[in-house]
Amino acid sequence: MDTRVTKLLGIEYPIIQGGMAWVAEHNLAAAVSNAGGFGLIGAASAPAEVVRDEIRKAKELTDKPFGVNIMLLSPHADEVARVVAEEGVKAVTTGAGNPEKYMELWKNAGIKVIPVVASVALARRMERYGADAVVAEGMESGGHIGSQTTMTLVPQVADAVDIPVIAAGGIGDGRGFAAAMMLGAEAVQMGTRFVVASESIVHGNYKERVIKAKDIDSEVTGMSTGHPVRSLRNKMTREYIKLEQSGASFEELEYLTLGSLRNAVMEGDVVNGTVMAGQIAGLVKKEQTCREMIEEIMHEAEVLLKIQ
Amino acid sequence: MFEKMKDIIAEQLNCEKETITLETNFKDDLGADSLDLFELVMALEDEYSVEIPSEDLENLTTVKAVMDYLKNKGVEE
C-alpha cells in the first residue's frame, strides 16, 4: 500500500512502531522494519552513547530503514539529537515538546523529521518550521498523553496541514488502521500491539498483563500534575490515585513512579510497576511476530478499504 | 497595538477581554498551558507576519513582554 508516508520513509506498509521508553529497543525496531513497517528506537531518557549503541545494533539486524524517537524533555536531548545525526537514521520522531532547534541539524544530515503533536496549532507550527510529517496522537495512547482523542484530532490536523499525517492512539488492528485512513491519515503508529510481539524484549509478566487486559483496565494517573500518564491499573495506580486525591505534592507522586516503568518492563513487576499501555490493550489478545501482526493488519485493512 | 493584542488573546485563550492588562501573565493569570501558548503564538505569527522561534517563547510570559518583543521585530501596530 503506497501513501506519501511509505514514500517518505522508504517502507512497504504505512505502519510505524511507537518509540516506547524501555520497550522500543533495537530488537523490536529491527523486527518491525524487517517486516516492512517502520521501527523506532525509543531514546527516552537514555544517555547519548546508549542510543548510539542501539542504533548500531539495529543496523546489524536490518538493512531496512528505521528511526529514533527523541523525548525532548530528556536531560540528554541535545547529545542524543547530535548522535542521531552522526549515526544517520531514516527519520526522527519527537515527543514532549517542540523540536525546532534541531530541525536544521537533522535536515542537513538527511534525516526526516516527524514530530508527535497533540493539537492543531502545534501541527501547523511544525509544518511551518520544516517537519516532513506529523504524528497526531490521541489520548487513547499509552504513556504520556494529551487531551484530545484520535477520532477528533486526526481529521482536524489533516485539514490544517499539507504534510502527511500519521494517526496514533487506540489503533491495534486492521479496523483501526482503515478508520485512521478514513480520518485522513496516511499511516498509523502503534505501540501497545507491538509490546507483546515475539521480538519484543519486555518481561513475560508485562506481555501477559497486556494480553489479559480488559477494556476498562486502562487508567490515567497524574491528571492533577499536568503530566497525565496512561497505564493498566494495578496496586501502583490505585496508590497513586489515592495520593493524588489527598492532595499529595508533585514530588511525592513522582517518587512513587520513579523507575517504575523500568521495573515493569525489565523485572516484570506488574504490581508496583507502571504497566504503560494504550486503551486498545483490551483488543490485543496474543503474542505474534511483528511480521504476522503487520501482515494481518494490512490484510484486514485492505478488505475493508477494498483495495487490491 | 494593545487593543488588537487583547482581541487576539481573548479569542485564542477564551478569556474576557476586559480582564487583560499589560501585566497579565498567560500562565499564572489565564491558566494557559504549553498547547495554549502555541495557539497564541501561531495566531500572532499569522497576524503580524513574523517568526517567533521556540527559544524566544519562554520569555514571552506577559502581554507586555509580547508587545515589546513584537516592537523589536519592527511591528508598529
# chains A, B, ... in the order shown; residues from 1 in each chain; ligands from 1
call {"tool": "select_by_dssp", "arguments": {"residues": "region 71-194 of chain A", "states": "alpha helix (DSSP H)", "output": "compact mmCIF listing (two decimals) with N, CA and C atoms, in the first residue's frame"}}
result
# COMPACT_ATOMS: atom_id res chain seq x y z
N ALA A 77 18.81 15.27 25.70
CA ALA A 77 18.21 15.50 24.38
C ALA A 77 19.20 16.12 23.38
N ASP A 78 19.99 17.11 23.82
CA ASP A 78 20.92 17.78 22.89
C ASP A 78 21.93 16.79 22.32
N GLU A 79 22.51 15.96 23.22
CA GLU A 79 23.52 15.00 22.76
C GLU A 79 22.89 13.91 21.89
N VAL A 80 21.72 13.46 22.29
CA VAL A 80 21.05 12.42 21.51
C VAL A 80 20.74 12.95 20.11
N ALA A 81 20.31 14.20 20.04
CA ALA A 81 19.99 14.81 18.74
C ALA A 81 21.23 14.77 17.84
N ARG A 82 22.39 15.02 18.43
CA ARG A 82 23.63 15.05 17.68
C ARG A 82 24.07 13.63 17.27
N VAL A 83 23.96 12.71 18.20
CA VAL A 83 24.34 11.32 17.92
C VAL A 83 23.51 10.74 16.77
N VAL A 84 22.23 11.06 16.78
CA VAL A 84 21.35 10.56 15.73
C VAL A 84 21.80 11.10 14.37
N ALA A 85 22.19 12.38 14.36
CA ALA A 85 22.67 12.98 13.11
C ALA A 85 23.97 12.32 12.67
N GLU A 86 24.84 12.02 13.64
CA GLU A 86 26.14 11.40 13.31
C GLU A 86 25.97 9.97 12.77
N GLU A 87 25.11 9.21 13.45
CA GLU A 87 24.95 7.80 13.08
C GLU A 87 24.11 7.64 11.81
N MET A 103 15.98 21.12 14.02
CA MET A 103 15.48 20.89 12.67
C MET A 103 16.61 20.96 11.64
N GLU A 104 17.44 22.01 11.73
CA GLU A 104 18.48 22.24 10.74
C GLU A 104 19.54 21.13 10.79
N LEU A 105 19.94 20.76 12.01
CA LEU A 105 20.92 19.70 12.22
C LEU A 105 20.47 18.41 11.53
N TRP A 106 19.21 18.04 11.74
CA TRP A 106 18.72 16.78 11.18
C TRP A 106 18.51 16.87 9.68
N LYS A 107 18.00 18.01 9.24
CA LYS A 107 17.79 18.18 7.80
C LYS A 107 19.12 18.06 7.06
N ASN A 108 20.15 18.69 7.63
CA ASN A 108 21.47 18.64 6.99
C ASN A 108 22.02 17.22 6.94
N VAL A 120 -3.82 21.04 16.87
CA VAL A 120 -3.77 21.57 15.50
C VAL A 120 -2.72 22.67 15.38
N ALA A 121 -2.68 23.58 16.38
CA ALA A 121 -1.73 24.69 16.30
C ALA A 121 -0.30 24.19 16.26
N LEU A 122 0.00 23.19 17.07
CA LEU A 122 1.36 22.65 17.09
C LEU A 122 1.68 21.97 15.75
N ALA A 123 0.70 21.29 15.19
CA ALA A 123 0.91 20.64 13.89
C ALA A 123 1.23 21.70 12.82
N ARG A 124 0.46 22.80 12.82
CA ARG A 124 0.70 23.87 11.84
C ARG A 124 2.08 24.47 12.04
N ARG A 125 2.42 24.65 13.30
CA ARG A 125 3.73 25.23 13.60
C ARG A 125 4.86 24.32 13.11
N MET A 126 4.73 23.02 13.35
CA MET A 126 5.77 22.08 12.91
C MET A 126 5.90 22.08 11.39
N GLU A 127 4.78 22.17 10.71
CA GLU A 127 4.83 22.25 9.25
C GLU A 127 5.56 23.51 8.81
N ARG A 128 5.23 24.62 9.45
CA ARG A 128 5.86 25.91 9.11
C ARG A 128 7.37 25.86 9.32
N THR A 150 -8.07 10.44 19.26
CA THR A 150 -7.62 10.19 17.89
C THR A 150 -8.74 10.52 16.89
N MET A 151 -9.96 10.10 17.22
CA MET A 151 -11.11 10.33 16.35
C MET A 151 -11.30 11.80 16.02
N THR A 152 -11.06 12.68 16.99
CA THR A 152 -11.29 14.11 16.77
C THR A 152 -10.04 14.82 16.26
N LEU A 153 -8.88 14.40 16.76
CA LEU A 153 -7.64 15.13 16.43
C LEU A 153 -7.18 14.88 14.99
N VAL A 154 -7.22 13.64 14.55
CA VAL A 154 -6.63 13.30 13.24
C VAL A 154 -7.29 14.08 12.09
N PRO A 155 -8.62 14.11 11.97
CA PRO A 155 -9.19 14.85 10.83
C PRO A 155 -8.93 16.35 10.92
N GLN A 156 -8.88 16.89 12.13
CA GLN A 156 -8.62 18.33 12.26
C GLN A 156 -7.20 18.66 11.86
N VAL A 157 -6.25 17.81 12.25
CA VAL A 157 -4.86 18.03 11.86
C VAL A 157 -4.71 17.83 10.35
N ALA A 158 -5.39 16.80 9.83
CA ALA A 158 -5.29 16.52 8.38
C ALA A 158 -5.81 17.71 7.56
N ASP A 159 -6.83 18.38 8.08
CA ASP A 159 -7.35 19.56 7.38
C ASP A 159 -6.41 20.76 7.49
N ALA A 160 -5.65 20.82 8.59
CA ALA A 160 -4.88 22.03 8.88
C ALA A 160 -3.50 22.05 8.21
N GLY A 174 -6.68 -4.09 11.86
CA GLY A 174 -6.98 -3.57 10.54
C GLY A 174 -8.17 -2.62 10.51
N ARG A 175 -9.11 -2.83 11.44
CA ARG A 175 -10.24 -1.89 11.50
C ARG A 175 -9.77 -0.51 11.93
N GLY A 176 -8.93 -0.47 12.95
CA GLY A 176 -8.40 0.81 13.41
C GLY A 176 -7.57 1.48 12.32
N PHE A 177 -6.79 0.65 11.62
CA PHE A 177 -5.96 1.17 10.53
C PHE A 177 -6.85 1.80 9.45
N ALA A 178 -7.90 1.05 9.03
CA ALA A 178 -8.79 1.56 7.98
C ALA A 178 -9.50 2.83 8.44
N ALA A 179 -9.93 2.85 9.70
CA ALA A 179 -10.61 4.04 10.23
C ALA A 179 -9.68 5.25 10.19
N ALA A 180 -8.41 5.03 10.54
CA ALA A 180 -7.45 6.13 10.53
C ALA A 180 -7.28 6.69 9.12
N MET A 181 -7.26 5.79 8.13
CA MET A 181 -7.16 6.25 6.73
C MET A 181 -8.38 7.09 6.36
N MET A 182 -9.54 6.66 6.83
CA MET A 182 -10.78 7.40 6.57
C MET A 182 -10.74 8.79 7.18
N THR A 192 1.04 -0.38 21.65
CA THR A 192 0.58 -1.46 22.52
C THR A 192 0.63 -2.83 21.84
N ARG A 193 0.17 -2.91 20.59
CA ARG A 193 0.17 -4.21 19.91
C ARG A 193 1.59 -4.77 19.81
N PHE A 194 2.56 -3.89 19.52
CA PHE A 194 3.94 -4.36 19.37
C PHE A 194 4.61 -4.70 20.70
call {"tool": "residues_around", "arguments": {"residues": "region 12-15 of chain A", "least_positions_apart": "5", "cutoff": "6 Å", "atoms": "only C-alpha atoms", "output": "PyMOL selection string"}}
result
chain A and resi 1+6+36-37+187-189
call {"tool": "closest_atom_pairs", "arguments": {"of": "region 16-71 of chain B", "to": "region 110-117 of chain A", "cutoff": "12 Å", "atoms": "only C-alpha atoms", "output": "JSON lines"}}
result
{"residue": "B:Ser34", "atom": "CA", "partner": "A:Val117", "partner_atom": "CA", "distance": 11.9}
{"residue": "B:Leu35", "atom": "CA", "partner": "A:Val117", "partner_atom": "CA", "distance": 9.6}
{"residue": "B:Phe38", "atom": "CA", "partner": "A:Val117", "partner_atom": "CA", "distance": 11.3}
call {"tool": "closest_atom_pairs", "arguments": {"of": "chain B", "to": "chain A", "cutoff": "10 Å", "atoms": "only C-alpha atoms", "output": "tab-separated table"}}
result
residue	atom	partner	partner_atom	distance
B:Asp33	CA	A:Gly226	CA	8.8
B:Ser34	CA	A:Gly97	CA	8.8
B:Leu35	CA	A:Ser119	CA	7.0
B:Asp36	CA	A:Ala121	CA	8.7
B:Leu37	CA	A:Ala121	CA	9.4
B:Phe38	CA	A:Leu122	CA	6.2
B:Glu39	CA	A:Ala121	CA	5.2
B:Leu40	CA	A:Ala121	CA	8.7
B:Val41	CA	A:Ala121	CA	8.9
B:Met42	CA	A:Ala121	CA	6.6
B:Ala43	CA	A:Ala121	CA	8.8
B:Glu45	CA	A:Arg125	CA	9.7
B:Glu51	CA	A:Tyr129	CA	9.6
B:Pro53	CA	A:Glu100	CA	7.7
B:Ser54	CA	A:Glu100	CA	6.7
B:Glu55	CA	A:Lys101	CA	7.7
call {"tool": "write_last_selection", "arguments": {"atoms": "N, CA and C atoms", "output": "PDB file, in the first residue's frame"}}
result
ATOM      1  N   ASP B  33      -1.645  26.585  29.239  1.00  0.00           N
ATOM      2  CA  ASP B  33      -0.590  25.568  29.230  1.00  0.00           C
ATOM      3  C   ASP B  33       0.204  25.693  27.925  1.00  0.00           C
ATOM      4  N   SER B  34       1.136  24.746  27.720  1.00  0.00           N
ATOM      5  CA  SER B  34       2.029  24.925  26.573  1.00  0.00           C
ATOM      6  C   SER B  34       1.264  24.858  25.242  1.00  0.00           C
ATOM      7  N   LEU B  35       0.216  24.049  25.184  1.00  0.00           N
ATOM      8  CA  LEU B  35      -0.555  23.980  23.937  1.00  0.00           C
ATOM      9  C   LEU B  35      -1.288  25.299  23.683  1.00  0.00           C
ATOM     10  N   ASP B  36      -1.801  25.920  24.763  1.00  0.00           N
ATOM     11  CA  ASP B  36      -2.462  27.226  24.617  1.00  0.00           C
ATOM     12  C   ASP B  36      -1.483  28.262  24.078  1.00  0.00           C
ATOM     13  N   LEU B  37      -0.263  28.217  24.601  1.00  0.00           N
ATOM     14  CA  LEU B  37       0.725  29.212  24.184  1.00  0.00           C
ATOM     15  C   LEU B  37       1.085  29.042  22.707  1.00  0.00           C
ATOM     16  N   PHE B  38       1.122  27.783  22.234  1.00  0.00           N
ATOM     17  CA  PHE B  38       1.367  27.580  20.801  1.00  0.00           C
ATOM     18  C   PHE B  38       0.210  28.135  19.972  1.00  0.00           C
ATOM     19  N   GLU B  39      -0.984  27.976  20.503  1.00  0.00           N
ATOM     20  CA  GLU B  39      -2.180  28.515  19.850  1.00  0.00           C
ATOM     21  C   GLU B  39      -2.011  30.027  19.667  1.00  0.00           C
ATOM     22  N   LEU B  40      -1.611  30.666  20.760  1.00  0.00           N
ATOM     23  CA  LEU B  40      -1.461  32.117  20.765  1.00  0.00           C
ATOM     24  C   LEU B  40      -0.341  32.563  19.828  1.00  0.00           C
ATOM     25  N   VAL B  41       0.778  31.879  19.906  1.00  0.00           N
ATOM     26  CA  VAL B  41       1.941  32.304  19.141  1.00  0.00           C
ATOM     27  C   VAL B  41       1.709  32.079  17.639  1.00  0.00           C
ATOM     28  N   MET B  42       0.958  31.032  17.296  1.00  0.00           N
ATOM     29  CA  MET B  42       0.630  30.823  15.882  1.00  0.00           C
ATOM     30  C   MET B  42      -0.283  31.932  15.378  1.00  0.00           C
ATOM     31  N   ALA B  43      -1.222  32.351  16.216  1.00  0.00           N
ATOM     32  CA  ALA B  43      -2.117  33.445  15.833  1.00  0.00           C
ATOM     33  C   ALA B  43      -1.321  34.737  15.662  1.00  0.00           C
ATOM     34  N   GLU B  45       1.938  34.974  14.892  1.00  0.00           N
ATOM     35  CA  GLU B  45       2.757  34.859  13.677  1.00  0.00           C
ATOM     36  C   GLU B  45       1.911  35.149  12.441  1.00  0.00           C
ATOM     37  N   GLU B  51       8.212  35.676  12.550  1.00  0.00           N
ATOM     38  CA  GLU B  51       8.544  34.342  13.048  1.00  0.00           C
ATOM     39  C   GLU B  51       8.947  34.468  14.501  1.00  0.00           C
ATOM     40  N   PRO B  53      10.639  32.169  17.011  1.00  0.00           N
ATOM     41  CA  PRO B  53      11.262  30.856  17.255  1.00  0.00           C
ATOM     42  C   PRO B  53      11.059  30.385  18.691  1.00  0.00           C
ATOM     43  N   SER B  54      11.110  29.066  18.852  1.00  0.00           N
ATOM     44  CA  SER B  54      10.733  28.495  20.146  1.00  0.00           C
ATOM     45  C   SER B  54      11.643  28.948  21.286  1.00  0.00           C
ATOM     46  N   GLU B  55      12.924  29.252  20.957  1.00  0.00           N
ATOM     47  CA  GLU B  55      13.799  29.666  22.067  1.00  0.00           C
ATOM     48  C   GLU B  55      13.377  31.019  22.663  1.00  0.00           C
TER      49      GLU B  55
END
call {"tool": "closest_residue", "arguments": {"among": "B:Leu13, B:Leu30, B:Met5, B:Val50", "to": "Lys64 (chain B)", "atoms": "only C-alpha atoms"}}
result
B:Met5
call {"tool": "residues_around", "arguments": {"residues": "Asp215 (chain A)", "least_positions_apart": "3", "cutoff": "8 Å", "atoms": "only C-alpha atoms", "output": "ChimeraX atom specification"}}
result
/A:218,279-283
call {"tool": "residues_around", "arguments": {"residues": "Arg4 (chain A)", "least_positions_apart": "6", "cutoff": "10 Å", "atoms": "only C-alpha atoms", "output": "MDAnalysis selection string"}}
result
chainID A and resid 10 14 133 163:165 186:187
call {"tool": "residues_around", "arguments": {"residues": "Ala65 (chain B)", "least_positions_apart": "4", "cutoff": "12 Å", "atoms": "only C-alpha atoms", "output": "ChimeraX atom specification"}}
result
/B:2,5,21-26,56-61,69-72
call {"tool": "decode", "arguments": {"residues": "region 55-66 of chain B", "atoms": "all heavy atoms", "output": "PDB file, in the first residue's frame"}}
result
ATOM      1  N   GLU B  55      12.924  29.252  20.957  1.00  0.00           N
ATOM      2  CA  GLU B  55      13.799  29.666  22.067  1.00  0.00           C
ATOM      3  C   GLU B  55      13.377  31.019  22.663  1.00  0.00           C
ATOM      4  O   GLU B  55      13.742  31.341  23.776  1.00  0.00           O
ATOM      5  CB  GLU B  55      15.278  29.693  21.651  1.00  0.00           C
ATOM      6  CG  GLU B  55      15.602  30.533  20.433  1.00  0.00           C
ATOM      7  CD  GLU B  55      15.626  29.695  19.157  1.00  0.00           C
ATOM      8  OE1 GLU B  55      14.844  28.709  19.074  1.00  0.00           O
ATOM      9  OE2 GLU B  55      16.393  30.029  18.239  1.00  0.00           O
ATOM     10  N   ASP B  56      12.581  31.781  21.894  1.00  0.00           N
ATOM     11  CA  ASP B  56      12.106  33.056  22.434  1.00  0.00           C
ATOM     12  C   ASP B  56      10.842  32.894  23.266  1.00  0.00           C
ATOM     13  O   ASP B  56      10.476  33.775  24.043  1.00  0.00           O
ATOM     14  CB  ASP B  56      11.809  34.030  21.285  1.00  0.00           C
ATOM     15  CG  ASP B  56      13.075  34.396  20.517  1.00  0.00           C
ATOM     16  OD1 ASP B  56      14.173  34.154  21.056  1.00  0.00           O
ATOM     17  OD2 ASP B  56      12.960  34.920  19.393  1.00  0.00           O
ATOM     18  N   LEU B  57      10.176  31.749  23.089  1.00  0.00           N
ATOM     19  CA  LEU B  57       8.854  31.592  23.710  1.00  0.00           C
ATOM     20  C   LEU B  57       8.885  31.694  25.230  1.00  0.00           C
ATOM     21  O   LEU B  57       8.000  32.275  25.838  1.00  0.00           O
ATOM     22  CB  LEU B  57       8.223  30.247  23.311  1.00  0.00           C
ATOM     23  CG  LEU B  57       7.826  30.100  21.854  1.00  0.00           C
ATOM     24  CD1 LEU B  57       7.169  28.751  21.628  1.00  0.00           C
ATOM     25  CD2 LEU B  57       6.885  31.221  21.438  1.00  0.00           C
ATOM     26  N   GLU B  58       9.940  31.123  25.837  1.00  0.00           N
ATOM     27  CA  GLU B  58       9.908  31.067  27.295  1.00  0.00           C
ATOM     28  C   GLU B  58       9.980  32.439  27.955  1.00  0.00           C
ATOM     29  O   GLU B  58       9.593  32.587  29.105  1.00  0.00           O
ATOM     30  CB  GLU B  58      11.030  30.153  27.819  1.00  0.00           C
ATOM     31  CG  GLU B  58      12.398  30.477  27.293  1.00  0.00           C
ATOM     32  CD  GLU B  58      13.396  29.357  27.619  1.00  0.00           C
ATOM     33  OE1 GLU B  58      13.458  28.364  26.863  1.00  0.00           O
ATOM     34  OE2 GLU B  58      14.074  29.487  28.640  1.00  0.00           O
ATOM     35  N   ASN B  59      10.455  33.446  27.203  1.00  0.00           N
ATOM     36  CA  ASN B  59      10.494  34.794  27.773  1.00  0.00           C
ATOM     37  C   ASN B  59       9.174  35.544  27.600  1.00  0.00           C
ATOM     38  O   ASN B  59       8.955  36.585  28.207  1.00  0.00           O
ATOM     39  CB  ASN B  59      11.614  35.610  27.123  1.00  0.00           C
ATOM     40  CG  ASN B  59      12.960  34.947  27.329  1.00  0.00           C
ATOM     41  OD1 ASN B  59      13.227  34.430  28.420  1.00  0.00           O
ATOM     42  ND2 ASN B  59      13.787  34.927  26.296  1.00  0.00           N
ATOM     43  N   LEU B  60       8.330  35.039  26.736  1.00  0.00           N
ATOM     44  CA  LEU B  60       7.096  35.747  26.428  1.00  0.00           C
ATOM     45  C   LEU B  60       5.985  35.328  27.389  1.00  0.00           C
ATOM     46  O   LEU B  60       5.048  34.649  27.026  1.00  0.00           O
ATOM     47  CB  LEU B  60       6.690  35.480  24.974  1.00  0.00           C
ATOM     48  CG  LEU B  60       7.767  35.847  23.937  1.00  0.00           C
ATOM     49  CD1 LEU B  60       7.290  35.530  22.537  1.00  0.00           C
ATOM     50  CD2 LEU B  60       8.144  37.313  24.051  1.00  0.00           C
ATOM     51  N   THR B  61       6.137  35.768  28.639  1.00  0.00           N
ATOM     52  CA  THR B  61       5.214  35.291  29.666  1.00  0.00           C
ATOM     53  C   THR B  61       4.035  36.236  29.891  1.00  0.00           C
ATOM     54  O   THR B  61       3.005  35.821  30.371  1.00  0.00           O
ATOM     55  CB  THR B  61       5.959  35.115  31.002  1.00  0.00           C
ATOM     56  OG1 THR B  61       6.657  36.337  31.269  1.00  0.00           O
ATOM     57  CG2 THR B  61       6.945  33.974  30.918  1.00  0.00           C
ATOM     58  N   THR B  62       4.237  37.526  29.591  1.00  0.00           N
ATOM     59  CA  THR B  62       3.171  38.503  29.854  1.00  0.00           C
ATOM     60  C   THR B  62       2.805  39.241  28.567  1.00  0.00           C
ATOM     61  O   THR B  62       3.534  39.195  27.568  1.00  0.00           O
ATOM     62  CB  THR B  62       3.616  39.564  30.880  1.00  0.00           C
ATOM     63  OG1 THR B  62       4.711  40.304  30.309  1.00  0.00           O
ATOM     64  CG2 THR B  62       4.055  38.921  32.191  1.00  0.00           C
ATOM     65  N   VAL B  63       1.684  39.944  28.622  1.00  0.00           N
ATOM     66  CA  VAL B  63       1.219  40.722  27.475  1.00  0.00           C
ATOM     67  C   VAL B  63       2.277  41.759  27.090  1.00  0.00           C
ATOM     68  O   VAL B  63       2.616  41.933  25.922  1.00  0.00           O
ATOM     69  CB  VAL B  63      -0.127  41.409  27.803  1.00  0.00           C
ATOM     70  CG1 VAL B  63      -0.576  42.272  26.627  1.00  0.00           C
ATOM     71  CG2 VAL B  63      -1.171  40.366  28.154  1.00  0.00           C
ATOM     72  N   LYS B  64       2.819  42.422  28.109  1.00  0.00           N
ATOM     73  CA  LYS B  64       3.823  43.458  27.840  1.00  0.00           C
ATOM     74  C   LYS B  64       5.059  42.850  27.165  1.00  0.00           C
ATOM     75  O   LYS B  64       5.599  43.430  26.214  1.00  0.00           O
ATOM     76  CB  LYS B  64       4.223  44.141  29.150  1.00  0.00           C
ATOM     77  CG  LYS B  64       5.199  45.291  28.954  1.00  0.00           C
ATOM     78  CD  LYS B  64       5.321  46.136  30.202  1.00  0.00           C
ATOM     79  CE  LYS B  64       6.194  47.366  29.955  1.00  0.00           C
ATOM     80  NZ  LYS B  64       7.502  47.077  29.367  1.00  0.00           N
ATOM     81  N   ALA B  65       5.484  41.690  27.652  1.00  0.00           N
ATOM     82  CA  ALA B  65       6.663  41.042  27.069  1.00  0.00           C
ATOM     83  C   ALA B  65       6.436  40.756  25.582  1.00  0.00           C
ATOM     84  O   ALA B  65       7.332  40.954  24.754  1.00  0.00           O
ATOM     85  CB  ALA B  65       6.977  39.747  27.822  1.00  0.00           C
ATOM     86  N   VAL B  66       5.244  40.324  25.246  1.00  0.00           N
ATOM     87  CA  VAL B  66       4.943  40.024  23.842  1.00  0.00           C
ATOM     88  C   VAL B  66       4.949  41.307  23.013  1.00  0.00           C
ATOM     89  O   VAL B  66       5.497  41.354  21.904  1.00  0.00           O
ATOM     90  CB  VAL B  66       3.578  39.309  23.716  1.00  0.00           C
ATOM     91  CG1 VAL B  66       3.181  39.170  22.252  1.00  0.00           C
ATOM     92  CG2 VAL B  66       3.626  37.939  24.368  1.00  0.00           C
TER      93      VAL B  66
END
